[in-house]
>>> print(open('final_29.csv').read())   # CSV, C-alpha atoms
chain,number,residue,atom,x,y,z
A,29,MET,CA,0.0,0.0,0.0
A,30,SER,CA,1.5,3.4,-1.0
A,31,LEU,CA,1.9,6.2,1.4
A,32,ASN,CA,-0.9,8.1,-0.4
A,33,ALA,CA,-3.2,5.1,-0.1
A,34,THR,CA,-2.6,4.6,3.6
A,35,PRO,CA,-6.0,4.9,5.3
A,36,SER,CA,-6.3,7.8,7.7
A,37,ALA,CA,-7.1,5.4,10.6
A,38,ASN,CA,-3.6,3.8,10.1
A,39,ARG,CA,-1.7,7.1,10.0
A,40,LEU,CA,0.0,9.0,12.8
A,41,HIS,CA,-2.3,11.8,13.9
A,42,ILE,CA,-0.5,15.0,14.9
A,43,GLY,CA,-2.7,17.7,16.5
A,44,PHE,CA,-1.7,21.4,16.9
A,45,PHE,CA,-3.2,23.2,19.9
A,46,GLY,CA,-2.9,26.6,21.6
A,47,CYS,CA,-4.5,30.0,22.1
A,48,ARG,CA,-5.8,32.2,19.3
A,49,ASN,CA,-3.1,34.0,17.5
A,50,ALA,CA,-0.3,31.9,19.0
A,51,GLY,CA,0.6,31.0,15.4
A,52,LYS,CA,-0.7,27.5,15.2
A,53,SER,CA,-1.7,27.7,11.6
A,54,SER,CA,1.6,29.3,10.7
A,55,VAL,CA,3.5,26.5,12.4
A,56,VAL,CA,1.4,23.9,10.6
A,57,ASN,CA,2.1,25.5,7.3
A,58,ALA,CA,5.8,25.7,8.0
A,59,VAL,CA,6.0,22.1,9.1
A,60,THR,CA,4.0,20.7,6.1
A,61,GLY,CA,5.5,23.1,3.6
A,62,GLN,CA,2.0,23.8,2.3
A,63,ASP,CA,-0.7,26.4,2.8
A,64,LEU,CA,-2.7,23.9,4.7
A,65,ALA,CA,-4.2,26.3,7.2
A,66,VAL,CA,-5.6,29.8,6.7
A,67,VAL,CA,-3.3,32.4,8.3
A,68,SER,CA,-4.5,35.8,9.5
A,69,ASP,CA,-3.7,38.4,12.2
A,70,VAL,CA,-7.3,38.2,13.2
A,71,ALA,CA,-7.7,36.1,16.4
A,72,GLY,CA,-9.9,33.0,15.9
A,73,THR,CA,-9.4,32.5,12.1
A,74,THR,CA,-9.5,28.7,12.5
A,75,THR,CA,-13.0,28.0,13.7
A,76,ASP,CA,-13.1,24.2,13.3
A,77,PRO,CA,-10.5,21.5,13.4
A,78,VAL,CA,-8.9,21.2,9.9
A,79,GLN,CA,-7.2,17.9,9.0
A,80,LYS,CA,-5.1,16.8,6.1
A,81,ALA,CA,-3.6,13.4,5.3
A,82,MET,CA,-0.1,13.7,3.8
A,83,GLU,CA,3.4,12.4,4.0
A,84,LEU,CA,5.7,14.1,6.4
A,85,LEU,CA,9.4,13.2,6.7
A,86,PRO,CA,10.8,11.6,8.8
A,87,LEU,CA,7.5,10.3,10.0
A,88,GLY,CA,5.9,9.0,6.7
A,89,PRO,CA,2.1,8.9,6.3
A,90,VAL,CA,0.4,11.3,8.9
A,91,VAL,CA,-2.8,13.3,9.5
A,92,ILE,CA,-2.1,16.9,10.5
A,93,ILE,CA,-4.9,18.5,12.5
A,94,ASP,CA,-5.1,22.3,13.1
A,95,THR,CA,-7.5,23.2,15.9
A,96,PRO,CA,-9.3,26.4,16.9
A,97,GLY,CA,-8.0,28.5,19.7
A,98,PHE,CA,-8.5,26.9,23.1
A,99,ASP,CA,-9.2,30.3,24.6
A,100,ASP,CA,-12.2,30.9,22.3
A,101,GLU,CA,-15.1,32.7,23.9
A,102,GLY,CA,-18.9,32.9,23.7
A,103,THR,CA,-21.4,30.2,22.9
A,104,LEU,CA,-19.8,29.3,19.6
A,105,GLY,CA,-16.4,29.5,21.2
A,106,GLU,CA,-17.4,26.9,23.9
A,107,LYS,CA,-18.5,24.6,21.1
A,108,ARG,CA,-15.2,25.0,19.3
A,109,VAL,CA,-13.2,24.3,22.5
A,110,LEU,CA,-15.3,21.1,23.0
A,111,ARG,CA,-14.4,20.0,19.5
A,112,THR,CA,-10.8,20.7,20.2
A,113,LYS,CA,-11.0,18.6,23.3
A,114,ARG,CA,-12.5,15.8,21.3
A,115,THR,CA,-9.7,16.1,18.8
A,116,LEU,CA,-7.3,14.9,21.5
A,117,ASN,CA,-9.0,11.5,21.5
A,118,ARG,CA,-7.7,10.8,18.0
A,119,THR,CA,-4.3,12.5,18.4
A,120,ASP,CA,-1.1,10.5,18.7
A,121,ILE,CA,1.3,13.5,19.2
A,122,ALA,CA,0.2,16.9,20.5
A,123,VAL,CA,2.0,20.1,19.6
A,124,LEU,CA,1.2,23.1,21.9
A,125,VAL,CA,2.0,26.3,20.1
A,126,VAL,CA,2.7,29.3,22.4
A,127,ASP,CA,3.2,32.9,21.6
A,128,ALA,CA,6.8,33.3,23.0
A,129,THR,CA,6.3,37.1,23.4
A,130,VAL,CA,3.5,36.3,25.8
A,131,GLY,CA,4.6,33.1,27.4
A,132,LEU,CA,2.5,30.3,28.8
A,133,ARG,CA,-1.0,31.3,29.9
A,134,ASP,CA,-3.4,29.4,32.1
A,135,VAL,CA,-5.1,28.0,29.1
A,136,ASP,CA,-1.8,26.6,27.9
A,137,HIS,CA,-1.2,24.9,31.2
A,138,GLN,CA,-4.7,23.4,31.0
A,139,LEU,CA,-3.8,21.9,27.6
A,140,VAL,CA,-0.5,20.5,29.1
A,141,ASP,CA,-2.6,18.9,31.9
A,142,LEU,CA,-4.9,17.4,29.3
A,143,PHE,CA,-2.0,16.0,27.3
A,144,GLU,CA,-0.5,14.4,30.4
A,145,GLU,CA,-3.9,13.1,31.6
A,146,LYS,CA,-4.4,11.3,28.2
A,147,LEU,CA,-0.8,10.1,28.2
A,148,LEU,CA,-0.1,12.0,25.0
A,149,PRO,CA,3.5,12.6,24.0
A,150,TYR,CA,3.8,16.4,23.3
A,151,VAL,CA,6.1,19.2,22.5
A,152,VAL,CA,5.7,22.9,23.4
A,153,VAL,CA,6.7,25.2,20.5
A,154,LEU,CA,7.6,28.7,21.6
A,155,ASN,CA,6.7,30.5,18.4
A,156,LYS,CA,7.6,34.0,17.2
A,157,ALA,CA,11.0,33.6,18.7
A,158,ASP,CA,12.4,36.0,16.1
A,159,LEU,CA,10.8,38.7,18.3
A,160,LEU,CA,12.8,37.7,21.4
A,161,ASP,CA,16.3,38.5,22.5
A,162,ALA,CA,18.5,35.7,23.9
A,163,THR,CA,17.7,36.4,27.5
A,164,ASN,CA,13.9,36.2,26.9
A,165,ARG,CA,14.4,33.0,24.9
A,166,GLN,CA,16.1,31.3,27.9
A,167,ALA,CA,13.3,32.6,30.2
A,168,CYS,CA,10.7,31.0,27.9
A,169,LEU,CA,12.5,27.7,27.8
A,170,ALA,CA,12.8,27.7,31.6
A,171,GLN,CA,9.0,27.9,31.8
A,172,VAL,CA,8.5,24.6,29.9
A,173,GLY,CA,11.6,22.5,30.5
A,174,ASP,CA,12.4,19.4,28.4
A,175,HIS,CA,9.2,19.6,26.3
A,176,ALA,CA,10.1,23.1,24.9
A,177,LEU,CA,11.4,24.0,21.5
A,178,VAL,CA,12.0,27.6,20.3
A,179,ALA,CA,10.9,28.4,16.8
A,180,SER,CA,9.7,31.0,14.4
A,181,ALA,CA,7.2,30.0,11.7
A,182,LEU,CA,7.8,33.3,10.0
A,183,ILE,CA,11.5,32.7,9.2
A,184,GLY,CA,11.6,28.9,9.5
A,185,ASP,CA,13.8,28.9,12.6
A,186,GLY,CA,13.4,25.6,14.6
A,187,ILE,CA,11.0,23.9,12.1
A,188,HIS,CA,13.5,21.2,11.2
A,189,GLU,CA,14.1,20.6,14.9
A,190,LEU,CA,10.4,20.3,15.4
A,191,LYS,CA,10.1,17.7,12.7
A,192,GLU,CA,12.9,15.7,14.3
A,193,ARG,CA,11.3,16.0,17.7
A,194,LEU,CA,8.0,14.7,16.3
A,195,GLY,CA,9.9,11.8,14.8
A,196,SER,CA,11.4,10.9,18.2
A,197,LEU,CA,8.0,11.1,19.8
A,198,ALA,CA,6.2,8.8,17.3
A,199,PRO,CA,5.2,5.5,18.9
A,200,LYS,CA,7.4,2.7,17.7
A,201,GLU,CA,5.6,0.2,15.5
A,202,ASP,CA,4.9,-3.1,17.2
A,203,PRO,CA,5.7,-5.9,14.7
A,204,SER,CA,3.3,-8.2,16.6
A,205,HIS,CA,0.4,-5.8,16.2
A,206,ARG,CA,-1.2,-7.5,13.2
A,207,LEU,CA,-4.7,-8.2,11.9
A,208,LEU,CA,-4.1,-12.0,11.3
A,209,ALA,CA,-0.5,-12.5,10.3
A,210,ASP,CA,0.3,-13.9,13.8
A,211,LEU,CA,-2.4,-16.6,13.4
A,212,VAL,CA,-1.0,-18.2,10.3
A,213,SER,CA,2.3,-19.6,9.0
A,214,PRO,CA,4.0,-19.5,5.6
A,215,HIS,CA,2.2,-21.5,3.0
A,216,ASP,CA,-1.0,-21.8,5.1
A,217,PHE,CA,-4.2,-21.5,3.2
A,218,ILE,CA,-6.8,-19.0,4.6
A,219,VAL,CA,-10.2,-18.5,3.1
A,220,LEU,CA,-11.7,-15.0,3.2
A,221,VAL,CA,-15.5,-14.9,2.7
A,222,CYS,CA,-16.6,-11.6,1.3
A,223,PRO,CA,-20.3,-11.3,0.6
A,224,ILE,CA,-21.3,-9.1,-2.3
A,225,ASP,CA,-24.7,-7.5,-1.7
A,226,GLU,CA,-26.3,-4.1,-2.1
A,227,SER,CA,-24.2,-2.7,0.7
A,228,ALA,CA,-20.9,-3.9,-0.7
A,229,PRO,CA,-18.8,-1.0,-2.2
A,230,LYS,CA,-18.6,-1.1,-5.9
A,231,GLY,CA,-15.4,-2.3,-7.4
A,232,ARG,CA,-13.4,-2.8,-4.2
A,233,LEU,CA,-13.2,-4.6,-0.9
A,234,ILE,CA,-13.9,-2.9,2.5
A,235,LEU,CA,-10.8,-2.0,4.5
A,236,PRO,CA,-10.7,-5.0,6.9
A,237,GLN,CA,-10.9,-7.3,3.9
A,238,GLN,CA,-8.0,-5.4,2.2
A,239,MET,CA,-6.0,-5.5,5.4
A,240,ALA,CA,-6.5,-9.3,5.7
A,241,VAL,CA,-5.3,-9.9,2.2
A,242,ARG,CA,-2.2,-7.8,2.7
A,243,ASP,CA,-1.5,-9.4,6.1
A,244,ALA,CA,-1.7,-12.8,4.6
A,245,LEU,CA,0.8,-11.8,1.9
A,246,ASP,CA,3.2,-10.4,4.5
A,247,ALA,CA,2.9,-13.7,6.5
A,248,GLY,CA,3.6,-15.8,3.3
A,249,ALA,CA,0.2,-17.4,3.6
A,250,LEU,CA,-2.1,-18.1,0.7
A,251,ALA,CA,-5.3,-16.1,0.7
A,252,VAL,CA,-8.3,-17.4,-1.2
A,253,VAL,CA,-11.2,-15.0,-1.5
A,254,CYS,CA,-14.8,-16.1,-2.3
A,255,ARG,CA,-18.4,-15.3,-1.6
A,256,GLU,CA,-20.4,-17.3,0.9
A,257,THR,CA,-22.3,-18.8,-2.1
A,258,GLU,CA,-19.0,-20.3,-3.4
A,259,LEU,CA,-17.6,-21.4,0.0
A,260,ASP,CA,-18.6,-25.0,-0.4
A,261,ALA,CA,-16.9,-25.3,-3.8
A,262,THR,CA,-13.9,-23.4,-2.5
A,263,LEU,CA,-13.3,-25.7,0.5
A,264,GLU,CA,-13.8,-28.8,-1.7
A,265,GLY,CA,-11.4,-27.5,-4.4
A,266,LEU,CA,-8.6,-26.5,-2.1
A,267,GLY,CA,-7.4,-30.1,-1.7
A,268,ARG,CA,-6.2,-29.4,1.8
A,269,THR,CA,-7.7,-28.1,5.1
A,270,PRO,CA,-7.3,-24.3,5.4
A,271,ARG,CA,-5.7,-22.9,8.5
A,272,LEU,CA,-8.4,-20.3,9.0
A,273,VAL,CA,-11.7,-19.1,7.5
A,274,VAL,CA,-12.6,-15.4,8.0
A,275,THR,CA,-16.0,-14.2,7.1
A,276,ASP,CA,-18.0,-11.0,7.0
A,277,SER,CA,-20.1,-11.1,10.2
A,278,GLN,CA,-23.3,-10.8,8.2
A,279,ALA,CA,-22.7,-14.3,6.7
A,280,PHE,CA,-21.9,-16.0,10.1
A,281,SER,CA,-24.9,-18.3,10.1
A,282,VAL,CA,-24.3,-19.6,6.5
A,283,VAL,CA,-20.5,-19.9,6.8
A,284,ASN,CA,-20.7,-21.6,10.2
A,285,LYS,CA,-22.9,-24.4,8.7
A,286,ILE,CA,-20.7,-24.9,5.7
A,287,THR,CA,-17.3,-24.7,7.5
A,288,PRO,CA,-16.3,-28.1,9.1
A,289,GLU,CA,-16.0,-27.8,12.9
A,290,ASP,CA,-12.3,-28.6,12.9
A,291,ILE,CA,-11.5,-25.5,10.8
A,292,PRO,CA,-11.0,-22.3,12.9
A,293,LEU,CA,-13.6,-19.7,12.0
A,294,THR,CA,-13.8,-16.0,12.9
A,295,SER,CA,-14.9,-12.7,11.3
A,296,PHE,CA,-13.2,-9.5,10.0
A,297,SER,CA,-15.0,-7.5,12.6
A,298,ILE,CA,-13.7,-9.7,15.5
A,299,LEU,CA,-10.2,-9.5,14.1
A,300,MET,CA,-10.6,-5.7,13.9
A,301,ALA,CA,-11.7,-5.5,17.5
A,302,ARG,CA,-8.5,-7.4,18.5
A,303,TYR,CA,-6.4,-5.1,16.2
A,304,LYS,CA,-7.9,-2.0,17.8
A,305,GLY,CA,-7.4,-3.4,21.3
A,306,PHE,CA,-10.9,-3.9,22.6
A,307,LEU,CA,-11.7,-7.6,21.9
A,308,ARG,CA,-11.8,-8.6,25.5
A,309,THR,CA,-14.1,-5.7,26.4
A,310,ALA,CA,-16.4,-6.5,23.5
A,311,ALA,CA,-16.5,-10.2,24.3
A,312,ALA,CA,-17.5,-9.4,27.9
A,313,GLY,CA,-20.0,-6.7,27.0
A,314,VAL,CA,-22.0,-8.7,24.6
A,315,ALA,CA,-23.5,-10.7,27.4
A,316,ALA,CA,-25.7,-7.7,28.0
A,317,VAL,CA,-27.7,-8.6,24.8
A,318,GLU,CA,-29.3,-11.5,26.8
A,319,HIS,CA,-30.4,-9.1,29.6
A,320,LEU,CA,-32.0,-6.4,27.6
A,321,LYS,CA,-35.5,-5.4,28.7
A,322,ASP,CA,-38.5,-3.7,27.1
A,323,GLY,CA,-37.8,0.0,26.7
A,324,ASP,CA,-34.0,-0.3,26.9
A,325,THR,CA,-32.1,1.9,24.5
A,326,VAL,CA,-29.2,0.5,22.5
A,327,LEU,CA,-26.6,2.9,20.8
A,328,MET,CA,-25.4,1.8,17.4
A,329,ALA,CA,-22.1,3.6,17.0
A,330,GLU,CA,-20.1,3.9,13.8
A,331,GLY,CA,-16.7,5.5,13.4
A,332,CYS,CA,-17.2,6.8,9.9
A,333,THR,CA,-20.0,8.5,7.9
A,334,HIS,CA,-21.2,6.9,4.7
A,335,HIS,CA,-24.2,6.8,2.4
A,336,ARG,CA,-26.6,4.4,4.1
A,337,GLN,CA,-28.1,1.7,1.9
A,338,CYS,CA,-31.7,0.5,2.3
A,339,ASN,CA,-30.5,-2.6,4.3
A,340,ASP,CA,-27.7,-0.9,6.2
A,341,ILE,CA,-25.9,-3.1,8.7
A,342,GLY,CA,-25.8,-0.7,11.6
A,343,THR,CA,-29.2,1.0,11.3
A,344,VAL,CA,-31.3,-1.7,9.8
A,345,LYS,CA,-29.9,-5.3,10.0
A,346,ILE,CA,-28.5,-5.5,13.5
A,347,PRO,CA,-31.4,-3.6,15.1
A,348,ARG,CA,-33.8,-6.0,13.4
A,349,TRP,CA,-31.8,-9.1,14.5
A,350,LEU,CA,-31.5,-7.7,18.0
A,351,ARG,CA,-35.2,-7.3,18.4
A,352,ALA,CA,-35.9,-10.7,16.9
A,353,HIS,CA,-33.3,-12.3,19.2
A,354,THR,CA,-34.3,-10.7,22.4
A,355,ARG,CA,-38.0,-10.4,21.6
A,356,LYS,CA,-38.0,-7.1,23.4
A,357,ASP,CA,-39.3,-3.7,22.5
A,358,LEU,CA,-36.0,-1.9,22.2
A,359,ARG,CA,-35.2,1.7,21.3
A,360,ILE,CA,-32.3,2.1,18.9
A,361,GLU,CA,-30.3,5.3,18.6
A,362,THR,CA,-27.4,5.8,16.2
A,363,CYS,CA,-24.3,8.0,16.0
A,364,SER,CA,-21.6,8.2,13.3
A,365,GLY,CA,-18.3,9.9,12.6
A,366,ARG,CA,-17.1,12.0,15.5
A,367,ASP,CA,-20.5,12.5,17.1
A,368,PHE,CA,-20.0,9.8,19.8
A,369,PRO,CA,-21.8,11.0,22.9
A,370,GLU,CA,-19.8,11.6,26.1
A,371,ASP,CA,-22.8,10.8,28.3
A,372,LEU,CA,-23.7,7.2,27.8
A,373,SER,CA,-26.1,6.9,30.8
A,374,PRO,CA,-29.2,6.7,28.6
A,375,TYR,CA,-28.0,3.4,27.1
A,376,ALA,CA,-28.2,-0.2,28.2
A,377,LEU,CA,-25.6,-1.3,25.6
A,378,VAL,CA,-23.3,0.3,23.1
A,379,ILE,CA,-22.7,-1.8,19.9
A,380,HIS,CA,-19.8,-0.2,18.0
A,381,CYS,CA,-18.6,-1.0,14.5
A,382,GLY,CA,-15.2,-2.5,13.9
A,383,GLY,CA,-13.5,0.9,14.1
A,384,CYS,CA,-11.5,0.4,10.9
A,385,MET,CA,-11.8,4.1,9.9
A,386,ILE,CA,-10.9,5.7,13.2
A,387,THR,CA,-7.7,5.5,15.2
A,388,GLU,CA,-7.0,2.9,17.9
A,389,ARG,CA,-6.7,5.7,20.4
A,390,GLU,CA,-10.2,7.0,19.6
A,391,VAL,CA,-11.8,3.6,19.7
A,392,GLN,CA,-10.2,2.9,23.0
A,393,TYR,CA,-11.3,6.3,24.3
A,394,ARG,CA,-14.9,5.4,23.4
A,395,MET,CA,-14.5,2.0,25.1
A,396,ARG,CA,-13.2,3.7,28.3
A,397,CYS,CA,-16.1,6.2,28.3
A,398,ALA,CA,-18.4,3.2,28.4
A,399,GLU,CA,-16.4,1.3,31.0
A,400,ASP,CA,-16.2,4.4,33.3
A,401,GLN,CA,-19.9,4.8,33.1
A,402,GLY,CA,-20.7,1.1,33.6
A,403,ILE,CA,-22.2,0.6,30.2
A,404,PRO,CA,-21.6,-2.7,28.3
A,405,PHE,CA,-19.6,-2.1,25.1
A,406,THR,CA,-19.3,-4.6,22.3
A,407,ASN,CA,-19.0,-4.5,18.5
A,408,TYR,CA,-20.9,-5.5,15.4
A,409,GLY,CA,-19.1,-8.8,14.8
A,410,ILE,CA,-19.3,-10.0,18.4
A,411,ALA,CA,-23.0,-9.1,18.7
A,412,ILE,CA,-23.8,-10.9,15.5
A,413,ALA,CA,-21.8,-14.0,16.6
A,414,GLN,CA,-23.7,-13.9,19.9
A,415,MET,CA,-27.1,-13.7,18.2
A,416,THR,CA,-26.2,-16.5,15.6
A,417,GLY,CA,-24.9,-18.9,18.3
A,418,THR,CA,-21.3,-18.8,16.8
A,419,LEU,CA,-19.5,-16.6,19.4
A,420,GLU,CA,-17.8,-19.5,21.2
A,421,ARG,CA,-16.5,-20.9,18.0
A,422,SER,CA,-15.5,-17.5,16.5
A,423,VAL,CA,-13.2,-16.6,19.4
A,424,ARG,CA,-11.7,-20.1,19.9
A,425,ILE,CA,-8.5,-19.0,18.3
A,426,PHE,CA,-7.9,-16.5,21.1
A,427,PRO,CA,-7.6,-18.6,24.2
A,428,ASP,CA,-7.9,-15.8,26.8
A,429,VAL,CA,-11.0,-14.4,25.1
A,430,HIS,CA,-12.5,-17.9,24.6
A,431,ALA,CA,-12.1,-18.6,28.3
A,432,LEU,CA,-13.8,-15.3,29.1
A,433,VAL,CA,-16.7,-16.1,26.8
A,434,CYS,CA,-17.1,-19.7,28.2
A,435,GLN,CA,-17.1,-18.3,31.7
A,436,LYS,CA,-19.8,-15.7,30.9
A,437,GLY,CA,-21.8,-18.4,29.1
>>> encode(input="final_29.csv", output="structure tokens")
Amino acid sequence: MSLNATPSANRLHIGFFGCRNAGKSSVVNAVTGQDLAVVSDVAGTTTDPVQKAMELLPLGPVVIIDTPGFDDEGTLGEKRVLRTKRTLNRTDIAVLVVDATVGLRDVDHQLVDLFEEKLLPYVVVLNKADLLDATNRQACLAQVGDHALVASALIGDGIHELKERLGSLAPKEDPSHRLLADLVSPHDFIVLVCPIDESAPKGRLILPQQMAVRDALDAGALAVVCRETELDATLEGLGRTPRLVVTDSQAFSVVNKITPEDIPLTSFSILMARYKGFLRTAAAGVAAVEHLKDGDTVLMAEGCTHHRQCNDIGTVKIPRWLRAHTRKDLRIETCSGRDFPEDLSPYALVIHCGGCMITEREVQYRMRCAEDQGIPFTNYGIAIAQMTGTLERSVRIFPDVHALVCQKG
């Protein structure tokens, strides 16, 4: 996959924060070498978070996010500050831009506290340093300590050093963090079942399916892709037992009946839950499906926004299956994109998508919001497996999760 084709969810997210007129947008433009953000002497020019996927050396594929001033005022200003806070949930590295001629203000210290509370690596850029003498520079640096870096977006001073600092703060890639490569060996056959219906994207596979194919190639395994309608013929024609069958969750019932019991079976959504770090939570939370009562509200949460088809998985299919499975009069609410509610108290259960289009940090933030409020949290694939009676089988390849499911069962 080329750098330009790398999905935003798999890119390093770098957020630029600070007060109005500290020069955030100027620093963003200097770092990226592009006029990415509108620059003006008027305070509050950036009114909403602006993001751009690009390549940034020495980091590679990144998403740059320029945010409104954290000291914005008024009713609209409060909403902008709230959006800025939410941006932190999908940020991997935070850059606090401070007007060096003013120094750190209370708002800047609030941001530093938020970075540290969320365990975010960060750097404090003392911008407009071209307006300072050497004595004042040292005084500014003393305010911040090891996190500080003196720069001037106007003349480019310190921008190279900032890029290098960002490179040093980037999380190191964990080679064991894979979708399925750790589950197979070289020359293993795996079968990927990809239904093609009215909700399937035209001319391409969805992201988890693409990732599974690439992961299989990286592992030296042999990936065979078919629809559920050709699975019988595929298994018969392989001439050997596949190491693993991975299906779209919507086809669980059909694929479970066709796939012999001795062949491990799971779903793309379950693999994605593991990849994003919330499989155990999802496996534990799905037990709530069996305890739903008349009048309970279930939140169907999606990480992305898309054109909904007439038989949409999150808003139509799962709610229909959920009502049929529980035989309860349930209320269903939905959210998509970045509109995940902070107050989850109205809900008896949150069923989230696989999270393939949002960062691992944001998915885990949503999971922790639910855990902190005592609301069960699961995902589409786990919920469908529960309702089709295939959950125990679908997590058998993950011994710790399998033990958890058997204990709950």
>>> residues_around(input="final_29.csv", residues="Arg255 (chain A)", least_positions_apart="4", cutoff="7 Å", atoms="all atoms listed in the file", output="list in words")
Val221, Cys222, Pro223, Ile224 and Leu259 of chain A
>>> closest_residue(input="final_29.csv", among="A:Phe405, A:Ser53, A:Asp127, A:Asp357", to="Ala157 (chain A)", atoms="all atoms listed in the file")
A:Asp127
>>> closest_atom_pairs(input="final_29.csv", of="region 169-257 of chain A", to="region 150-156 of chain A", cutoff="7 Å", atoms="only C-alpha atoms", output="JSON lines")
{"residue": "A:His175", "atom": "CA", "partner": "A:Val151", "partner_atom": "CA", "distance": 4.9}
{"residue": "A:Ala176", "atom": "CA", "partner": "A:Val152", "partner_atom": "CA", "distance": 4.7}
{"residue": "A:Leu177", "atom": "CA", "partner": "A:Val153", "partner_atom": "CA", "distance": 5.0}
{"residue": "A:Val178", "atom": "CA", "partner": "A:Leu154", "partner_atom": "CA", "distance": 4.7}
{"residue": "A:Ala179", "atom": "CA", "partner": "A:Asn155", "partner_atom": "CA", "distance": 5.0}
{"residue": "A:Ser180", "atom": "CA", "partner": "A:Lys156", "partner_atom": "CA", "distance": 4.6}
{"residue": "A:Ala181", "atom": "CA", "partner": "A:Asn155", "partner_atom": "CA", "distance": 6.7}
>>> write_last_selection(input="final_29.csv", atoms="C-alpha atoms", output="short mmCIF file (atom, residue, chain, number, x, y, z; two decimals), in the coordinates of the input")
data_model
loop_
_atom_site.label_atom_id
_atom_site.label_comp_id
_atom_site.auth_asym_id
_atom_site.auth_seq_id
_atom_site.Cartn_x
_atom_site.Cartn_y
_atom_site.Cartn_z
CA HIS A 175 9.20 19.60 26.30
CA ALA A 176 10.10 23.10 24.90
CA LEU A 177 11.40 24.00 21.50
CA VAL A 178 12.00 27.60 20.30
CA ALA A 179 10.90 28.40 16.80
CA SER A 180 9.70 31.00 14.40
CA ALA A 181 7.20 30.00 11.70
#
>>> closest_residue(input="final_29.csv", among="A:Thr95, A:Gln138, A:Gln435, A:Ser54", to="Ala312 (chain A)", atoms="all atoms listed in the file")
A:Gln435
>>> residues_around(input="final_29.csv", residues="Ile218 (chain A)", least_positions_apart="4", cutoff="6 Å", atoms="all atoms listed in the file", output="list of chain:residue names")
A:Ala251, A:Pro270, A:Arg271, A:Leu272, A:Val273
>>> atom_distance(input="final_29.csv", atom1="CA of Arg366 (chain A)", atom2="CA of Leu124 (chain A)")
22.3 Å
